[in-house]
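Printed here is data.pdb (PDB, C-alpha atoms, pLDDT in the B column):
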```pdb
MODEL        1
ATOM      1  CA  MET A  22     -59.064  19.008 -29.034  1.00 51.00           C
ATOM      2  CA  THR A  23     -55.456  18.095 -28.290  1.00 54.00           C
ATOM      3  CA  GLU A  24     -56.258  16.181 -25.112  1.00 58.00           C
ATOM      4  CA  PRO A  25     -57.215  12.865 -26.776  1.00 61.00           C
ATOM      5  CA  LEU A  26     -54.038  13.061 -28.881  1.00 57.00           C
ATOM      6  CA  GLU A  27     -51.888  13.724 -25.813  1.00 64.00           C
ATOM      7  CA  THR A  28     -53.553  10.868 -23.985  1.00 59.00           C
ATOM      8  CA  ALA A  29     -52.973   8.560 -26.927  1.00 57.00           C
ATOM      9  CA  GLU A  30     -49.327   9.614 -27.136  1.00 58.00           C
ATOM     10  CA  ARG A  31     -48.820   9.074 -23.403  1.00 56.00           C
ATOM     11  CA  THR A  32     -50.466   5.664 -23.611  1.00 54.00           C
ATOM     12  CA  ARG A  33     -48.226   4.715 -26.507  1.00 56.00           C
ATOM     13  CA  ARG A  34     -45.110   5.943 -24.675  1.00 58.00           C
ATOM     14  CA  GLU A  35     -46.023   3.954 -21.585  1.00 69.00           C
ATOM     15  CA  GLY A  36     -46.547   0.870 -23.741  1.00 83.00           C
ATOM     16  CA  THR A  37     -43.108   1.075 -25.335  1.00 94.00           C
ATOM     17  CA  HIS A  38     -40.738  -1.592 -24.078  1.00 96.00           C
ATOM     18  CA  LEU A  39     -37.244  -2.917 -24.618  1.00 97.00           C
ATOM     19  CA  LEU A  40     -37.375  -6.607 -25.407  1.00 97.00           C
ATOM     20  CA  VAL A  41     -34.522  -8.644 -23.930  1.00 97.00           C
ATOM     21  CA  ARG A  42     -33.704 -12.336 -23.910  1.00 96.00           C
ATOM     22  CA  ALA A  43     -33.201 -13.977 -20.495  1.00 96.00           C
ATOM     23  CA  GLY A  44     -32.625 -17.690 -20.773  1.00 95.00           C
ATOM     24  CA  GLU A  45     -35.532 -19.161 -22.710  1.00 94.00           C
ATOM     25  CA  TYR A  46     -37.814 -16.214 -21.975  1.00 96.00           C
ATOM     26  CA  ALA A  47     -38.243 -12.902 -23.740  1.00 96.00           C
ATOM     27  CA  CYS A  48     -38.915 -10.085 -21.271  1.00 97.00           C
ATOM     28  CA  ALA A  49     -40.282  -6.615 -21.965  1.00 97.00           C
ATOM     29  CA  LEU A  50     -38.845  -3.792 -19.849  1.00 97.00           C
ATOM     30  CA  PRO A  51     -40.609  -0.413 -19.834  1.00 96.00           C
ATOM     31  CA  LEU A  52     -38.437   1.803 -22.004  1.00 96.00           C
ATOM     32  CA  ALA A  53     -38.901   4.806 -19.715  1.00 94.00           C
ATOM     33  CA  ALA A  54     -37.116   2.860 -16.959  1.00 95.00           C
ATOM     34  CA  VAL A  55     -34.139   1.885 -19.135  1.00 97.00           C
ATOM     35  CA  ARG A  56     -31.129   4.120 -18.615  1.00 96.00           C
ATOM     36  CA  ARG A  57     -28.502   2.324 -20.680  1.00 97.00           C
ATOM     37  CA  VAL A  58     -27.707  -0.991 -22.343  1.00 98.00           C
ATOM     38  CA  VAL A  59     -24.035  -1.926 -22.089  1.00 97.00           C
ATOM     39  CA  ARG A  60     -21.863  -4.955 -22.636  1.00 96.00           C
ATOM     40  CA  ALA A  61     -22.106  -7.159 -19.529  1.00 96.00           C
ATOM     41  CA  VAL A  62     -20.368  -5.299 -16.692  1.00 96.00           C
ATOM     42  CA  THR A  63     -17.726  -6.810 -14.423  1.00 95.00           C
ATOM     43  CA  VAL A  64     -19.497  -8.049 -11.315  1.00 96.00           C
ATOM     44  CA  HIS A  65     -17.995  -8.568  -7.872  1.00 95.00           C
ATOM     45  CA  PRO A  66     -19.956 -11.275  -6.050  1.00 94.00           C
ATOM     46  CA  LEU A  67     -21.408 -10.831  -2.564  1.00 95.00           C
ATOM     47  CA  PRO A  68     -20.894 -13.966  -0.479  1.00 94.00           C
ATOM     48  CA  GLY A  69     -24.200 -15.264   0.869  1.00 93.00           C
ATOM     49  CA  ALA A  70     -26.389 -13.364  -1.591  1.00 95.00           C
ATOM     50  CA  ALA A  71     -29.513 -14.943  -3.086  1.00 96.00           C
ATOM     51  CA  GLY A  72     -29.073 -16.398  -6.558  1.00 94.00           C
ATOM     52  CA  GLU A  73     -30.896 -13.485  -8.168  1.00 96.00           C
ATOM     53  CA  LEU A  74     -28.183 -11.053  -7.027  1.00 96.00           C
ATOM     54  CA  GLU A  75     -25.023 -11.549  -9.058  1.00 96.00           C
ATOM     55  CA  GLY A  76     -23.133  -8.921  -7.088  1.00 96.00           C
ATOM     56  CA  LEU A  77     -21.963  -5.333  -7.336  1.00 97.00           C
ATOM     57  CA  ALA A  78     -20.482  -3.380 -10.203  1.00 97.00           C
ATOM     58  CA  GLU A  79     -19.416   0.185 -10.843  1.00 96.00           C
ATOM     59  CA  PHE A  80     -21.397   2.228 -13.328  1.00 96.00           C
ATOM     60  CA  GLY A  81     -20.748   5.918 -13.965  1.00 93.00           C
ATOM     61  CA  GLY A  82     -18.886   6.239 -10.687  1.00 93.00           C
ATOM     62  CA  GLU A  83     -21.773   4.793  -8.676  1.00 94.00           C
ATOM     63  CA  PRO A  84     -22.176   1.376  -7.068  1.00 96.00           C
ATOM     64  CA  LEU A  85     -24.602  -0.793  -9.017  1.00 96.00           C
ATOM     65  CA  PRO A  86     -26.337  -3.921  -7.696  1.00 96.00           C
ATOM     66  CA  VAL A  87     -26.549  -6.389 -10.584  1.00 97.00           C
ATOM     67  CA  LEU A  88     -29.359  -8.928 -10.804  1.00 97.00           C
ATOM     68  CA  ASN A  89     -29.672 -11.956 -13.043  1.00 96.00           C
ATOM     69  CA  LEU A  90     -32.833 -11.362 -15.049  1.00 97.00           C
ATOM     70  CA  GLY A  91     -33.237 -15.029 -15.942  1.00 96.00           C
ATOM     71  CA  ARG A  92     -33.223 -15.998 -12.263  1.00 95.00           C
ATOM     72  CA  LEU A  93     -35.660 -13.191 -11.428  1.00 95.00           C
ATOM     73  CA  VAL A  94     -38.250 -14.516 -13.868  1.00 95.00           C
ATOM     74  CA  ASN A  95     -37.445 -18.201 -13.216  1.00 94.00           C
ATOM     75  CA  SER A  96     -36.455 -18.796 -16.800  1.00 94.00           C
ATOM     76  CA  PRO A  97     -34.844 -22.075 -17.812  1.00 90.00           C
ATOM     77  CA  PRO A  98     -31.296 -21.290 -18.920  1.00 85.00           C
ATOM     78  CA  GLY A  99     -30.828 -20.816 -22.646  1.00 81.00           C
ATOM     79  CA  ALA A 100     -27.815 -21.407 -24.841  1.00 79.00           C
ATOM     80  CA  ASN A 101     -24.646 -19.536 -23.949  1.00 78.00           C
ATOM     81  CA  PRO A 102     -25.268 -15.950 -25.035  1.00 75.00           C
ATOM     82  CA  ALA A 103     -23.071 -14.519 -27.759  1.00 74.00           C
ATOM     83  CA  PHE A 104     -23.404 -10.896 -26.636  1.00 80.00           C
ATOM     84  CA  PRO A 105     -24.524 -10.761 -22.993  1.00 93.00           C
ATOM     85  CA  VAL A 106     -25.624  -7.337 -21.836  1.00 97.00           C
ATOM     86  CA  THR A 107     -26.320  -5.405 -18.690  1.00 98.00           C
ATOM     87  CA  VAL A 108     -29.455  -3.310 -18.900  1.00 98.00           C
ATOM     88  CA  VAL A 109     -29.162  -0.440 -16.432  1.00 98.00           C
ATOM     89  CA  VAL A 110     -32.647   0.423 -15.221  1.00 97.00           C
ATOM     90  CA  TRP A 111     -34.477   2.460 -12.626  1.00 96.00           C
ATOM     91  CA  VAL A 112     -36.516   0.379 -10.200  1.00 94.00           C
ATOM     92  CA  GLY A 113     -38.805   1.279  -7.344  1.00 87.00           C
ATOM     93  CA  PRO A 114     -41.456   3.969  -6.998  1.00 84.00           C
ATOM     94  CA  ALA A 115     -40.895   7.357  -8.626  1.00 80.00           C
ATOM     95  CA  GLY A 116     -40.003   9.119  -5.386  1.00 82.00           C
ATOM     96  CA  ALA A 117     -37.462   6.514  -4.300  1.00 84.00           C
ATOM     97  CA  ARG A 118     -36.127   4.971  -7.450  1.00 89.00           C
ATOM     98  CA  GLU A 119     -32.744   3.269  -7.511  1.00 92.00           C
ATOM     99  CA  MET A 120     -30.401   2.192 -10.264  1.00 94.00           C
ATOM    100  CA  VAL A 121     -29.972  -1.525 -10.842  1.00 97.00           C
ATOM    101  CA  GLY A 122     -28.247  -3.614 -13.501  1.00 98.00           C
ATOM    102  CA  LEU A 123     -30.121  -6.514 -15.081  1.00 98.00           C
ATOM    103  CA  ASN A 124     -27.880  -9.091 -16.714  1.00 97.00           C
ATOM    104  CA  ALA A 125     -29.506 -10.626 -19.764  1.00 97.00           C
ATOM    105  CA  ASP A 126     -28.478 -12.746 -22.729  1.00 96.00           C
ATOM    106  CA  ALA A 127     -29.277 -10.141 -25.380  1.00 95.00           C
ATOM    107  CA  ALA A 128     -31.125  -6.924 -26.079  1.00 96.00           C
ATOM    108  CA  LEU A 129     -33.476  -7.618 -28.974  1.00 95.00           C
ATOM    109  CA  GLU A 130     -35.639  -4.677 -30.061  1.00 95.00           C
ATOM    110  CA  VAL A 131     -38.024  -1.959 -28.988  1.00 96.00           C
ATOM    111  CA  VAL A 132     -41.645  -3.060 -29.138  1.00 95.00           C
ATOM    112  CA  HIS A 133     -45.065  -1.691 -28.279  1.00 93.00           C
ATOM    113  CA  VAL A 134     -47.139  -3.722 -25.849  1.00 91.00           C
ATOM    114  CA  ALA A 135     -50.766  -2.676 -25.741  1.00 87.00           C
ATOM    115  CA  ASP A 136     -52.368  -2.725 -22.279  1.00 84.00           C
ATOM    116  CA  GLU A 137     -55.324  -4.694 -23.583  1.00 86.00           C
ATOM    117  CA  SER A 138     -53.071  -7.526 -24.748  1.00 87.00           C
ATOM    118  CA  LEU A 139     -51.732  -8.195 -21.219  1.00 90.00           C
ATOM    119  CA  VAL A 140     -52.916 -11.252 -19.326  1.00 90.00           C
ATOM    120  CA  ALA A 141     -52.223 -12.945 -15.995  1.00 81.00           C
ATOM    121  CA  GLY A 142     -49.724 -10.930 -13.988  1.00 77.00           C
ATOM    122  CA  ASP A 143     -48.630 -11.931 -10.500  1.00 83.00           C
ATOM    123  CA  GLY A 144     -49.164  -8.526  -8.899  1.00 81.00           C
ATOM    124  CA  GLY A 145     -45.415  -8.119  -8.476  1.00 88.00           C
ATOM    125  CA  LEU A 146     -42.521  -8.112 -10.918  1.00 92.00           C
ATOM    126  CA  LEU A 147     -44.564  -9.894 -13.599  1.00 93.00           C
ATOM    127  CA  LEU A 148     -47.062  -7.353 -14.866  1.00 93.00           C
ATOM    128  CA  GLY A 149     -48.401  -9.899 -17.332  1.00 94.00           C
ATOM    129  CA  GLU A 150     -47.760 -11.786 -20.523  1.00 94.00           C
ATOM    130  CA  ALA A 151     -48.476 -10.577 -24.019  1.00 95.00           C
ATOM    131  CA  PRO A 152     -48.000 -11.869 -27.557  1.00 94.00           C
ATOM    132  CA  VAL A 153     -45.311  -9.962 -29.435  1.00 92.00           C
ATOM    133  CA  GLY A 154     -44.141 -11.010 -32.884  1.00 87.00           C
ATOM    134  CA  GLY A 155     -45.375 -14.571 -32.555  1.00 88.00           C
ATOM    135  CA  GLU A 156     -43.870 -15.110 -29.108  1.00 92.00           C
ATOM    136  CA  VAL A 157     -45.330 -14.730 -25.634  1.00 94.00           C
ATOM    137  CA  VAL A 158     -43.209 -12.217 -23.725  1.00 96.00           C
ATOM    138  CA  ARG A 159     -43.141 -11.478 -20.018  1.00 96.00           C
ATOM    139  CA  VAL A 160     -43.881  -7.837 -19.362  1.00 96.00           C
ATOM    140  CA  LEU A 161     -42.161  -6.657 -16.190  1.00 95.00           C
ATOM    141  CA  ASN A 162     -43.145  -4.059 -13.626  1.00 93.00           C
ATOM    142  CA  LEU A 163     -39.797  -2.647 -12.491  1.00 94.00           C
ATOM    143  CA  GLU A 164     -41.401  -0.490  -9.819  1.00 91.00           C
ATOM    144  CA  ALA A 165     -42.233  -3.677  -7.940  1.00 89.00           C
ATOM    145  CA  LEU A 166     -38.608  -4.792  -7.977  1.00 86.00           C
ATOM    146  CA  GLY A 167     -37.546  -1.902  -5.777  1.00 76.00           C
ATOM    147  CA  ARG A 168     -40.121  -2.567  -3.095  1.00 71.00           C
ATOM    148  CA  GLU A 169     -39.061  -4.191   0.140  1.00 57.00           C
ATOM    149  CA  ALA A 170     -39.858  -7.917   0.165  1.00 58.00           C
TER     150      ALA A 170
ATOM    151  CA  MET B  30     -28.602  10.783  -0.923  1.00 54.00           C
ATOM    152  CA  SER B  31     -25.005  10.048  -0.038  1.00 62.00           C
ATOM    153  CA  ALA B  32     -22.541  11.421   2.479  1.00 60.00           C
ATOM    154  CA  PRO B  33     -18.738  11.663   2.317  1.00 60.00           C
ATOM    155  CA  ALA B  34     -17.150   9.271   4.756  1.00 64.00           C
ATOM    156  CA  SER B  35     -13.999  10.123   6.652  1.00 73.00           C
ATOM    157  CA  GLY B  36     -11.368   7.476   7.262  1.00 91.00           C
ATOM    158  CA  LEU B  37     -12.452   4.212   5.726  1.00 95.00           C
ATOM    159  CA  LEU B  38     -10.045   1.302   5.941  1.00 96.00           C
ATOM    160  CA  LEU B  39     -10.372  -0.560   2.635  1.00 97.00           C
ATOM    161  CA  LEU B  40      -9.617  -4.248   2.445  1.00 97.00           C
ATOM    162  CA  ARG B  41     -10.005  -7.037  -0.068  1.00 96.00           C
ATOM    163  CA  ARG B  42     -11.787 -10.229   0.893  1.00 95.00           C
ATOM    164  CA  ALA B  43     -13.744 -12.967  -0.912  1.00 91.00           C
ATOM    165  CA  GLY B  44     -13.330 -11.323  -4.297  1.00 89.00           C
ATOM    166  CA  GLY B  45     -14.626  -7.916  -3.229  1.00 93.00           C
ATOM    167  CA  VAL B  46     -13.549  -4.656  -1.645  1.00 96.00           C
ATOM    168  CA  TRP B  47     -14.908  -3.770   1.776  1.00 97.00           C
ATOM    169  CA  GLY B  48     -14.700  -0.628   3.889  1.00 96.00           C
ATOM    170  CA  VAL B  49     -14.775  -0.246   7.641  1.00 95.00           C
ATOM    171  CA  ALA B  50     -14.552   2.985   9.618  1.00 94.00           C
ATOM    172  CA  SER B  51     -10.889   3.305  10.536  1.00 93.00           C
ATOM    173  CA  ALA B  52     -11.904   4.890  13.849  1.00 93.00           C
ATOM    174  CA  ALA B  53     -13.382   1.519  14.816  1.00 93.00           C
ATOM    175  CA  VAL B  54     -10.138  -0.353  14.148  1.00 94.00           C
ATOM    176  CA  VAL B  55      -8.071  -1.033  17.267  1.00 93.00           C
ATOM    177  CA  GLY B  56      -5.541  -3.500  15.899  1.00 92.00           C
ATOM    178  CA  LEU B  57      -4.130  -5.007  12.740  1.00 93.00           C
ATOM    179  CA  ALA B  58      -1.943  -8.108  12.516  1.00 93.00           C
ATOM    180  CA  ALA B  59      -0.654 -10.323   9.708  1.00 92.00           C
ATOM    181  CA  ARG B  60      -2.006 -13.858  10.021  1.00 87.00           C
ATOM    182  CA  GLY B  61      -1.446 -16.837   7.735  1.00 84.00           C
ATOM    183  CA  GLY B  62      -0.961 -14.886   4.522  1.00 87.00           C
ATOM    184  CA  GLY B  63      -3.770 -12.465   5.361  1.00 93.00           C
ATOM    185  CA  TYR B  64      -4.719 -10.045   8.100  1.00 95.00           C
ATOM    186  CA  ARG B  65      -6.672  -9.994  11.337  1.00 95.00           C
ATOM    187  CA  ILE B  66      -8.330  -6.654  12.028  1.00 95.00           C
ATOM    188  CA  SER B  67      -9.544  -6.029  15.561  1.00 94.00           C
ATOM    189  CA  VAL B  68     -12.706  -3.944  15.788  1.00 92.00           C
ATOM    190  CA  GLY B  69     -14.005  -3.669  19.327  1.00 81.00           C
ATOM    191  CA  GLU B  70     -14.841  -7.136  20.584  1.00 82.00           C
ATOM    192  CA  SER B  71     -14.839  -8.812  17.191  1.00 86.00           C
ATOM    193  CA  ALA B  72     -12.286  -9.339  14.454  1.00 93.00           C
ATOM    194  CA  LEU B  73     -12.391  -9.132  10.681  1.00 95.00           C
ATOM    195  CA  ALA B  74     -10.379 -11.139   8.182  1.00 95.00           C
ATOM    196  CA  ALA B  75      -8.746  -9.609   5.118  1.00 96.00           C
ATOM    197  CA  ASP B  76      -6.768 -11.032   2.227  1.00 95.00           C
ATOM    198  CA  GLU B  77      -5.201  -7.665   1.517  1.00 96.00           C
ATOM    199  CA  ILE B  78      -5.197  -4.202   3.085  1.00 96.00           C
ATOM    200  CA  LEU B  79      -5.671  -1.485   0.476  1.00 96.00           C
ATOM    201  CA  GLY B  80      -5.259   1.527   2.757  1.00 95.00           C
ATOM    202  CA  VAL B  81      -7.284   4.269   4.371  1.00 95.00           C
ATOM    203  CA  VAL B  82      -9.218   6.728   2.219  1.00 95.00           C
ATOM    204  CA  ASP B  83     -11.114   9.889   3.079  1.00 93.00           C
ATOM    205  CA  GLY B  84     -14.123  11.442   1.417  1.00 91.00           C
ATOM    206  CA  LEU B  85     -15.698   8.451  -0.310  1.00 93.00           C
ATOM    207  CA  ARG B  86     -19.363   9.100  -1.040  1.00 94.00           C
ATOM    208  CA  VAL B  87     -21.275   6.436   0.831  1.00 95.00           C
ATOM    209  CA  HIS B  88     -24.725   5.660  -0.542  1.00 92.00           C
ATOM    210  CA  PRO B  89     -27.336   4.136   1.752  1.00 91.00           C
ATOM    211  CA  PRO B  90     -27.989   0.455   1.023  1.00 88.00           C
ATOM    212  CA  ALA B  91     -30.656   0.092  -1.645  1.00 84.00           C
ATOM    213  CA  PRO B  92     -33.850  -1.894  -0.989  1.00 88.00           C
ATOM    214  CA  VAL B  93     -32.925  -4.267  -3.822  1.00 91.00           C
ATOM    215  CA  LEU B  94     -29.686  -5.124  -2.062  1.00 92.00           C
ATOM    216  CA  ARG B  95     -31.401  -5.681   1.277  1.00 90.00           C
ATOM    217  CA  ARG B  96     -33.960  -7.885  -0.441  1.00 92.00           C
ATOM    218  CA  PHE B  97     -31.418 -10.272  -1.932  1.00 94.00           C
ATOM    219  CA  TRP B  98     -28.504 -10.013   0.526  1.00 94.00           C
ATOM    220  CA  PRO B  99     -29.408 -10.482   4.184  1.00 89.00           C
ATOM    221  CA  GLU B 100     -26.279  -8.962   5.710  1.00 92.00           C
ATOM    222  CA  ALA B 101     -26.228  -5.689   7.628  1.00 89.00           C
ATOM    223  CA  LEU B 102     -24.218  -2.941   5.988  1.00 91.00           C
ATOM    224  CA  ASP B 103     -23.691   0.788   6.356  1.00 93.00           C
ATOM    225  CA  GLY B 104     -23.733   1.578   2.638  1.00 95.00           C
ATOM    226  CA  LEU B 105     -22.046   1.344  -0.739  1.00 96.00           C
ATOM    227  CA  ALA B 106     -19.288   3.384  -2.316  1.00 96.00           C
ATOM    228  CA  VAL B 107     -16.914   3.303  -5.269  1.00 96.00           C
ATOM    229  CA  HIS B 108     -13.149   3.557  -5.068  1.00 95.00           C
ATOM    230  CA  GLY B 109     -10.999   3.404  -8.186  1.00 92.00           C
ATOM    231  CA  ARG B 110     -13.875   1.915 -10.232  1.00 92.00           C
ATOM    232  CA  MET B 111     -14.329  -0.841  -7.651  1.00 95.00           C
ATOM    233  CA  PRO B 112     -17.585  -1.095  -5.723  1.00 96.00           C
ATOM    234  CA  VAL B 113     -17.028  -0.973  -1.971  1.00 97.00           C
ATOM    235  CA  VAL B 114     -19.345  -2.453   0.644  1.00 96.00           C
ATOM    236  CA  VAL B 115     -19.138  -0.325   3.788  1.00 96.00           C
ATOM    237  CA  VAL B 116     -19.797  -2.597   6.730  1.00 94.00           C
ATOM    238  CA  ASP B 117     -21.031  -2.053  10.240  1.00 90.00           C
ATOM    239  CA  PRO B 118     -18.005  -3.075  12.355  1.00 88.00           C
ATOM    240  CA  ARG B 119     -20.305  -4.246  15.156  1.00 86.00           C
ATOM    241  CA  CYS B 120     -22.120  -6.632  12.810  1.00 89.00           C
ATOM    242  CA  PRO B 121     -19.818  -7.629   9.930  1.00 90.00           C
ATOM    243  CA  PRO B 122     -20.946  -9.945   7.121  1.00 93.00           C
ATOM    244  CA  ALA B 123     -20.123 -13.611   7.609  1.00 91.00           C
ATOM    245  CA  ALA B 124     -17.510 -13.495   4.848  1.00 91.00           C
ATOM    246  CA  LEU B 125     -15.508 -10.922   6.815  1.00 93.00           C
ATOM    247  CA  ARG B 126     -15.593 -12.500  10.249  1.00 92.00           C
ATOM    248  CA  PHE B 127     -12.251 -13.778  11.453  1.00 90.00           C
ATOM    249  CA  ASN B 128     -12.509 -17.314  12.762  1.00 82.00           C
ATOM    250  CA  GLU B 129      -9.858 -17.668  15.461  1.00 76.00           C
ATOM    251  CA  GLY B 130      -9.698 -21.427  14.902  1.00 69.00           C
ATOM    252  CA  GLU B 131      -8.983 -21.345  11.203  1.00 57.00           C
ATOM    253  CA  GLY B 132      -6.618 -19.762   8.727  1.00 56.00           C
ATOM    254  CA  VAL B 133      -7.413 -16.375   7.268  1.00 53.00           C
ATOM    255  CA  ASN B 134      -7.591 -17.881   3.791  1.00 54.00           C
ATOM    256  CA  GLU B 135     -10.971 -19.563   4.420  1.00 50.00           C
ATOM    257  CA  GLY B 136     -12.962 -16.855   2.658  1.00 50.00           C
ATOM    258  CA  ARG B 137     -10.704 -16.510  -0.359  1.00 50.00           C
ATOM    259  CA  GLU B 138     -11.939 -17.271  -3.825  1.00 45.00           C
TER     260      GLU B 138
ENDMDL
END
```

In structure tokens, write the structure found in this file.
Amino acid sequence: MTEPLETAERTRREGTHLLVRAGEYACALPLAAVRRVVRAVTVHPLPGAAGELEGLAEFGGEPLPVLNLGRLVNSPPGANPAFPVTVVVWVGPAGAREMVGLNADAALEVVHVADESLVAGDGGLLLGEAPVGGEVVRVLNLEALGREA
Amino acid sequence: MSAPASGLLLLRRAGGVWGVASAAVVGLAARGGGYRISVGESALAADEILGVVDGLRVHPPAPVLRRFWPEALDGLAVHGRMPVVVVDPRCPPAALRFNEGEGVNEGRE
């Protein structure tokens, strides 16, 4: 009798996301992949890197590649953020995950995104779009980010 | 997975800290306010030499890094809360290559 309840709980857990602002877009990051949200870390640029890669930082004694979330999702830039953050996340498949920082304009709230509300993903980083609180948010698949291009 | 590295020469260049195996270094000379580091048949440019350190944990380069930064590298490490890019001395990133025809300050920020 407990199986349907466990399934429902797992489904709900998997649908729980951290909503962040990146430029003009709101993006939903799977909460299970979020390790920490911190004030924007100091980044050391890598000459010749693509625009999505802001550079390297140190986090917990480990080197941390830091990506610009707005550039990753092709968001038009928003107003200057008042409290920019770095969201430290796990990316890549479970057996080979890596820690990455995502620079964003703000961390907003934790929301639930139901699978059935998702539409039109790109098969990669963009899992799909879904309406949340009167706004269409981009739901991201962070596993895809860690795959080789 | 990471492995402790023995003898990394740390240098500052283009706003970052870089590491190269000190065993690969065959010469070091001050040039134009910076340094020229001879490694085999090529030369690296540095704004500042930070010293040689032992035992840094070098992490293999992550797929995300390779995806967005096309340079070859041996790995990443941290020294004194600074991220360190450990380079392959046979194939250094463009920002580290010493151009014999120009001043060493070309890559400075």

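You will find atom CA of Pro90 of chain B at 18.2 Å from atom CA of Leu163 of chain A.
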
Of the candidates A:Val59, A:Val108, A:Ala127, A:Glu164, which one gets nearest to chain B if we count all atoms listed in the file?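 Smallest separation from chain B among the options: A:Glu164.
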
Please find the residues of chain A near chain B - the criterion being any atom within 8 Å, counting only C-alpha atoms - and write them as a list of chain:residue names.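 Matching residues, ligands excluded from the count: A:His65, A:Pro66, A:Leu67, A:Pro68, A:Gly69, A:Ala70, A:Ala71, A:Glu73, A:Leu74, A:Leu77, A:Ala78, A:Glu79, A:Gly82, A:Glu83, A:Pro84, A:Leu85, A:Pro86, A:Glu119, A:Leu166, A:Gly167, A:Arg168, A:Glu169, A:Ala170.
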
The residues within 7 Å of (-30.0, -11.5, -16.7), using only C-alpha atoms and the coordinates of the file, should be reported as a PyMOL selection string; which are they? chain A and resi 43+88-91+123-126

Of the candidates A:Pro105, A:Ala61, A:Val94, A:Val157, which one gets nearest to Leu129 of chain A if we count only C-alpha atoms? A:Pro105

I would like the residues chosen by the PyMOL selection byres ((chain B and resi 49) around 10) on the shown file; could you give them as a ChimeraX atom specification? /B:36-40,47-48,50-54,68,73,81,102-103,113-118,121

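Each of A:Asn101, A:Thr107, A:Thr63, A:Asn95 was compared to Val41 of chain A using all atoms listed in the file, and A:Thr107 turns out to be the nearest.
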
Å distance separating atom CA of Leu148 of chain A from atom CA of Ala135 of chain A, one decimal place: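 Atom CA of Ala135 of chain A lies at a distance of 12.4 Å from atom CA of Leu148 of chain A.
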
Hits of the PyMOL selection byres ((chain A and resi 159) around 8) in this structure, as a list in words: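 Checked against the file, the PyMOL selection byres ((chain A and resi 159) around 8) matches Tyr46, Ala47, Cys48, Ala49, Leu147, Leu148, Gly149, Glu150, Ala151, Val157, Val158, Val160 and Leu161 of chain A.
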
Do a neighbour search on Gly56 of chain B at 9 Å with only C-alpha atoms, toss out local chain neighbours closer than 4 positions, and write the hits as a PyMOL selection string. chain B and resi 65-68

Could you give me, as a list in words, the residues that have an atom at most 8 Å away from the point (-6.8, -11.3, 6.3) in the coordinates of the file, using only C-alpha atoms? Arg42, Ala59, Arg60, Gly61, Gly62, Gly63, Tyr64, Arg65, Ile66, Leu73, Ala74, Ala75, Asp76, Glu77, Ile78, Phe127, Val133 and Asn134 of chain B

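Evaluated against this file, the PyMOL selection byres ((chain A and resi 52) around 8) yields A:Glu35, A:Thr37, A:His38, A:Leu39, A:Leu50, A:Pro51, A:Ala53, A:Ala54, A:Val55, A:Val131.
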
Just give me the gap between atom CA of Glu45 of chain A and atom CA of Ala103 of chain A in Å, one decimal is fine. 14.2 Å

Selected residue of minimal separation from Leu93 of chain A among A:Gly72, A:Asn162, A:Pro152, A:Pro114, counting only C-alpha atoms: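 Once distances to Leu93 of chain A are computed over only C-alpha atoms, the minimum belongs to A:Gly72.
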